[in-house]
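Below is one structure, written out as structure tokens; the observations come after it.
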Amino acid sequence: MDIDTITEDITQHSNKLFNETLEVIDNNFDFMDENDLIEPKKDYIILIDFLNKTVNHFSNLDYSFLDDSLRKLHRDVNNLNKLYEEQKNNLNNGQELFNTKIFPKITLFKQIQKSLLELQHSDLLKTGDKETIAVVKEHFSQMQNQYKEMRKIYFELFIEEFTEQTKDIISSLEVILNTKIYYLDKFLWMNALKSSSILRAINATENEFKTTSSKKYLQIRVDVALPYTQDYEYLQKCLRIYK
Amino acid sequence: MIQQINYDPKDIEKFLEATEIPDDNSDLQILDKLLSVQNKISIIANIDPEDLEAIVYDLKFIQYQHRDHVIEEGDITQEIFFVFSGECQVFHKNKKVGEIKTGKTFGEPAAIFNTKRNATVVCSSQKATILSFCIDNDAIRFCAPALALLYKNLAYQINNKLEEMNENILKK
């Protein structure tokens, strides 16, 4: 069996692992292209926890804040983030995925396993002829070694392909997620601005928050956070996005 | 199973409407100043302005008076400084070791490598206007080429300083 055939076999099987995710990525890029969405250079992904907390907080203050469109975008961002985290975790799970999802489906191994089983229960072993038994055992051992060697080759090729593909997926998801978080950030403040109860609760007059943004809200949160705590450091990091 | 969201045209309209809300642009003027002198600051020269905007933070324009300390030896701070106008003097262990004139930058290595400041910088003119900014290394995800260029510029600058020192030693 040549290396190209093995690579092709591996690609076919690993593509099945990624099909669903690749479809999500394609759909999202199409969506971004069709609507000319901005792809920010700044890293908005870090804001996700802050924005989730803000959305929850504001929707508790005013039920009309979370309209259908914002709800969709919020859910979409969190679904994408879940997928993104799964893919990052997958990078360390290559061996497990190979053992559970790829290896059992490769025809070659099924055939070798069948042959090994047949040899193990071969009538030739019952003949009592030492020479015949030795030949069968030798054949069995050779086949077993071949099986191990092939498994190793398949695994190495799979890991190479899998790592490369997963890294590409992660980079694509980062671009998509960053764009959608950017819009979530803008959108939530557009709705918050319309709510007097939210503005009142965060001690801002509508005038003060005319150009409202996460920046001002983050500054308020930083001012009341305890310095050198994890929360404080996180808010400071988020604040960097807005300079 | 990955749940995909279907957006209606009215959702898209709202997304686009949201981006029309003006940003808080109080820092944009300082950013414009930084961009206007970008090519004079060797470590950020040649970086795409859009990338530069994404990798800098905490931009400040500060006016110092005579004898004000800009940097204190031993401090761990992350700003890089550019002298817009005025002059400064550099002290190491209370001994004057150099001068910084208008149009020069200082403070890059400690800012980039997160080490202690190895000298004190004091305003020596009547007044000095200094622009300071920090580099966000966390911006690597979307601005890796810009950060790579910044480090390349820094390496080039350090190399120049070493060559200058070697020449001085040889002259002596």
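Letters A, B, ... go to the chains of the structure tokens in the order shown; residues in each chain start at 1; ligands are counted from 1 in the same order.
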**Request:** Check the DSSP output for the backbone and give back, as a count of residues only, the residues of segment 17-168 of chain A in alpha helix (DSSP H).
**Result:** 112
**Residue contacts of segment 181-190 of chain A (10 Å, only C-alpha atoms) excluding same-chain residues fewer than 6 positions away, as a count of residues only** = 45
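A straight line drawn from atom CA of Asp48 of chain B to atom CA of Leu147 of chain B is 10.7 Å long.
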**Item:** Long-range neighbours of Asn6 of chain B as a PyMOL selection string, 12 Å cut-off, only C-alpha atoms, 4 positions minimum in chain
**Value:** (chain A and resi 24+27-28+31+68-69+71-73+75-76) or (chain B and resi 10-12)
**Item:** Nearby residues (only C-alpha atoms) at most 8 Å from segment 28-36 of chain B, same-chain spacing under 6 positions excluded, as a VMD selection string
**Value:** chain B and resid 49 53 59 to 61 131
**Message:** Among chain B, which residues does DSSP mark as strand (DSSP E or B) when it is run on the backbone? Keep the chain and numbering as in the structure and answer as number ranges by chain.
**Reply:** B: 56-65, 69-71, 80-85, 88-92, 95-100, 105-106, 120-123, 127-135
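With only C-alpha atoms as the atoms that count, the residue of B:Arg141, B:Gln3, B:Val121, B:Ser132 with the shortest distance to Tyr57 of chain B is B:Ser132.
Interatomic distance, atom CA of Ala144 of chain B against atom CA of Ala45 of chain B: 15.6 Å.
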Give me the residues within 9 Å of Gln126 of chain B as a short mmCIF file (atom, residue, chain, number, x, y, z; two decimals) with all heavy atoms, in the first residue's frame, counting only C-alpha atoms and dropping any in the same chain fewer than 4 places off.
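Below is the file part_18.cif, written as the result:
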```cif
data_model
loop_
_atom_site.label_atom_id
_atom_site.label_comp_id
_atom_site.auth_asym_id
_atom_site.auth_seq_id
_atom_site.Cartn_x
_atom_site.Cartn_y
_atom_site.Cartn_z
N TYR B 64 5.28 67.88 30.79
CA TYR B 64 6.13 67.85 32.00
C TYR B 64 6.77 69.22 32.21
O TYR B 64 7.05 69.93 31.25
CB TYR B 64 7.23 66.79 31.85
CG TYR B 64 6.68 65.38 31.85
CD1 TYR B 64 6.31 64.75 30.67
CD2 TYR B 64 6.52 64.67 33.05
CE1 TYR B 64 5.80 63.47 30.66
CE2 TYR B 64 6.01 63.38 33.05
CZ TYR B 64 5.66 62.78 31.86
OH TYR B 64 5.15 61.51 31.86
N GLN B 65 6.97 69.55 33.46
CA GLN B 65 7.66 70.80 33.81
C GLN B 65 9.12 70.48 34.10
O GLN B 65 9.48 69.31 34.31
CB GLN B 65 7.02 71.43 35.06
CG GLN B 65 5.51 71.66 34.98
CD GLN B 65 5.13 72.70 33.93
OE1 GLN B 65 5.87 73.65 33.71
NE2 GLN B 65 4.00 72.48 33.26
N HIS B 66 9.93 71.51 34.15
CA HIS B 66 11.35 71.35 34.44
C HIS B 66 11.54 70.52 35.72
O HIS B 66 10.90 70.79 36.74
CB HIS B 66 11.97 72.76 34.61
CG HIS B 66 13.44 72.74 34.82
ND1 HIS B 66 14.32 72.18 33.93
CD2 HIS B 66 14.20 73.21 35.84
CE1 HIS B 66 15.55 72.30 34.38
NE2 HIS B 66 15.51 72.93 35.54
N ARG B 67 12.39 69.53 35.68
CA ARG B 67 12.75 68.63 36.79
C ARG B 67 11.68 67.57 37.13
O ARG B 67 11.87 66.82 38.09
CB ARG B 67 13.10 69.42 38.06
CG ARG B 67 14.40 70.17 37.90
CD ARG B 67 14.82 70.76 39.19
NE ARG B 67 16.09 71.47 39.06
CZ ARG B 67 16.63 72.21 40.00
NH1 ARG B 67 16.02 72.34 41.16
NH2 ARG B 67 17.76 72.81 39.80
N GLY B 86 10.63 69.75 23.70
CA GLY B 86 11.39 69.81 24.93
C GLY B 86 12.53 68.80 24.96
O GLY B 86 12.79 68.12 23.95
N GLU B 87 13.17 68.71 26.10
CA GLU B 87 14.32 67.80 26.24
C GLU B 87 14.30 67.12 27.60
O GLU B 87 13.71 67.64 28.55
CB GLU B 87 15.62 68.59 26.10
CG GLU B 87 15.96 68.94 24.67
CD GLU B 87 17.23 69.75 24.54
OE1 GLU B 87 18.02 69.79 25.52
OE2 GLU B 87 17.43 70.36 23.48
#
```
**Fill in**
One residue among A:Cys238, A:Val222, A:Ile159, A:Leu97 is nearest to Thr7 of chain A when using only C-alpha atoms, and that residue is A:Ile159
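Distance-wise, atom CA of Asp75 of chain B and atom CA of Leu226 of chain A end up 22.5 Å apart.
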**Request:** Quick one: everything within 9 Å of Ile71 of chain B, counting only C-alpha atoms, minus sequence neighbours fewer than 3 positions away in the same chain. Send it as a PyMOL selection string.
**Result:** chain B and resi 75+77+107+117+119-122
Generate a file of the selected residues that holds all heavy atoms, formatted as an mmCIF file, in the first residue's frame.
```cif
data_model
loop_
_atom_site.group_PDB
_atom_site.id
_atom_site.type_symbol
_atom_site.label_atom_id
_atom_site.label_comp_id
_atom_site.auth_asym_id
_atom_site.auth_seq_id
_atom_site.Cartn_x
_atom_site.Cartn_y
_atom_site.Cartn_z
ATOM 1 N N ASP B 75 11.561 51.161 38.385
ATOM 2 C CA ASP B 75 10.113 50.947 38.256
ATOM 3 C C ASP B 75 9.813 49.920 37.164
ATOM 4 O O ASP B 75 10.586 49.773 36.212
ATOM 5 C CB ASP B 75 9.408 52.257 37.887
ATOM 6 C CG ASP B 75 9.137 53.131 39.107
ATOM 7 O OD1 ASP B 75 9.515 52.703 40.217
ATOM 8 O OD2 ASP B 75 8.572 54.230 38.932
ATOM 9 N N THR B 77 7.210 49.699 34.533
ATOM 10 C CA THR B 77 6.087 50.329 33.823
ATOM 11 C C THR B 77 6.191 49.955 32.351
ATOM 12 O O THR B 77 7.250 49.510 31.905
ATOM 13 C CB THR B 77 6.130 51.871 33.974
ATOM 14 O OG1 THR B 77 7.448 52.319 33.647
ATOM 15 C CG2 THR B 77 5.771 52.309 35.372
ATOM 16 N N GLY B 107 12.556 54.270 26.357
ATOM 17 C CA GLY B 107 11.760 53.369 27.201
ATOM 18 C C GLY B 107 11.300 52.092 26.527
ATOM 19 O O GLY B 107 10.551 51.308 27.121
ATOM 20 N N ARG B 117 12.967 49.582 34.786
ATOM 21 C CA ARG B 117 13.584 50.723 34.102
ATOM 22 C C ARG B 117 15.034 50.841 34.580
ATOM 23 O O ARG B 117 15.278 50.810 35.803
ATOM 24 C CB ARG B 117 12.834 52.015 34.441
ATOM 25 C CG ARG B 117 11.372 52.007 34.008
ATOM 26 C CD ARG B 117 11.261 52.138 32.503
ATOM 27 N NE ARG B 117 9.857 52.201 32.090
ATOM 28 C CZ ARG B 117 9.455 52.207 30.833
ATOM 29 N NH1 ARG B 117 10.340 52.129 29.855
ATOM 30 N NH2 ARG B 117 8.188 52.261 30.533
ATOM 31 N N ALA B 119 17.066 53.390 34.092
ATOM 32 C CA ALA B 119 17.531 54.771 34.297
ATOM 33 C C ALA B 119 16.345 55.654 34.673
ATOM 34 O O ALA B 119 15.191 55.275 34.465
ATOM 35 C CB ALA B 119 18.183 55.284 33.026
ATOM 36 N N THR B 120 16.691 56.809 35.230
ATOM 37 C CA THR B 120 15.657 57.799 35.535
ATOM 38 C C THR B 120 15.708 58.858 34.435
ATOM 39 O O THR B 120 16.799 59.272 34.027
ATOM 40 C CB THR B 120 15.941 58.429 36.918
ATOM 41 O OG1 THR B 120 15.822 57.403 37.892
ATOM 42 C CG2 THR B 120 14.961 59.548 37.236
ATOM 43 N N VAL B 121 14.535 59.253 33.950
ATOM 44 C CA VAL B 121 14.491 60.289 32.911
ATOM 45 C C VAL B 121 13.794 61.523 33.496
ATOM 46 O O VAL B 121 12.694 61.421 34.040
ATOM 47 C CB VAL B 121 13.770 59.774 31.645
ATOM 48 C CG1 VAL B 121 13.643 60.889 30.604
ATOM 49 C CG2 VAL B 121 14.500 58.585 31.046
ATOM 50 N N VAL B 122 14.480 62.650 33.384
ATOM 51 C CA VAL B 122 13.968 63.881 33.996
ATOM 52 C C VAL B 122 13.830 64.963 32.921
ATOM 53 O O VAL B 122 14.695 65.085 32.044
ATOM 54 C CB VAL B 122 14.953 64.372 35.105
ATOM 55 C CG1 VAL B 122 14.421 65.630 35.774
ATOM 56 C CG2 VAL B 122 15.172 63.281 36.131
#
```
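Using only C-alpha atoms, the nearest neighbour of chain B within the list A:Glu174, A:Asp26, A:Asp49, A:Asp129 is A:Glu174.
Distance annotation: of B:Gln157, B:Thr115, B:Ser85, B:Asn137, the residue with the minimal separation from chain A is B:Asn137; atom set is only C-alpha atoms.
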**Message:** I'd like the contact shell of segment 194-197 of chain A - 9 Å cut-off, only C-alpha atoms, skipping same-chain residues fewer than 2 positions apart - returned as number ranges by chain.
**Reply:** A: 61-62, 64-65, 189-192, 199-202, 205-206
Convert the current residue selection to file output with N, CA, C and O atoms, as a tab-separated table (two decimals), in the first residue's frame.
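Wrote again.tsv, looks like this:
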```tsv
chain	number	residue	atom	x	y	z
A	61	LEU	N	-32.66	44.08	34.02
A	61	LEU	CA	-33.10	45.44	34.35
A	61	LEU	C	-34.28	45.88	33.48
A	61	LEU	O	-35.12	46.66	33.91
A	62	ASP	N	-34.28	45.39	32.22
A	62	ASP	CA	-35.34	45.82	31.31
A	62	ASP	C	-35.64	44.66	30.34
A	62	ASP	O	-34.78	44.31	29.53
A	64	SER	N	-37.40	44.55	27.75
A	64	SER	CA	-37.46	44.89	26.32
A	64	SER	C	-36.06	45.04	25.70
A	64	SER	O	-35.93	45.16	24.49
A	65	PHE	N	-35.04	45.03	26.55
A	65	PHE	CA	-33.67	45.21	26.06
A	65	PHE	C	-33.27	44.10	25.08
A	65	PHE	O	-32.73	44.35	24.02
A	189	TRP	N	-25.36	48.01	23.13
A	189	TRP	CA	-25.40	49.40	23.60
A	189	TRP	C	-26.46	50.20	22.87
A	189	TRP	O	-27.04	51.13	23.43
A	190	MET	N	-26.74	49.85	21.62
A	190	MET	CA	-27.81	50.53	20.89
A	190	MET	C	-29.13	50.31	21.62
A	190	MET	O	-29.92	51.23	21.80
A	191	ASN	N	-29.35	49.07	22.08
A	191	ASN	CA	-30.59	48.78	22.81
A	191	ASN	C	-30.57	49.37	24.21
A	191	ASN	O	-31.58	49.86	24.70
A	192	ALA	N	-29.40	49.33	24.84
A	192	ALA	CA	-29.31	49.84	26.22
A	192	ALA	C	-29.61	51.35	26.26
A	192	ALA	O	-30.24	51.84	27.19
A	199	LEU	N	-30.01	52.82	31.91
A	199	LEU	CA	-29.13	53.99	32.09
A	199	LEU	C	-29.16	54.48	33.54
A	199	LEU	O	-28.13	54.85	34.10
A	200	ARG	N	-30.37	54.43	34.13
A	200	ARG	CA	-30.49	54.86	35.53
A	200	ARG	C	-29.69	53.92	36.44
A	200	ARG	O	-28.96	54.36	37.32
A	201	ALA	N	-29.83	52.65	36.16
A	201	ALA	CA	-29.18	51.65	37.03
A	201	ALA	C	-27.65	51.73	36.98
A	201	ALA	O	-26.98	51.41	37.95
A	202	ILE	N	-27.13	52.15	35.84
A	202	ILE	CA	-25.65	52.26	35.78
A	202	ILE	C	-25.21	53.71	36.01
A	202	ILE	O	-24.10	54.10	35.62
A	205	THR	N	-26.69	59.43	32.79
A	205	THR	CA	-27.80	60.11	32.14
A	205	THR	C	-27.69	59.80	30.67
A	205	THR	O	-26.62	59.42	30.18
A	206	GLU	N	-28.78	59.96	29.96
A	206	GLU	CA	-28.78	59.63	28.54
A	206	GLU	C	-27.75	60.50	27.80
A	206	GLU	O	-27.10	60.05	26.87
```
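The residue that comes closest to chain B, out of A:Lys16, A:Lys110, A:Lys167, A:Lys237 and on the basis of only C-alpha atoms, is A:Lys237.
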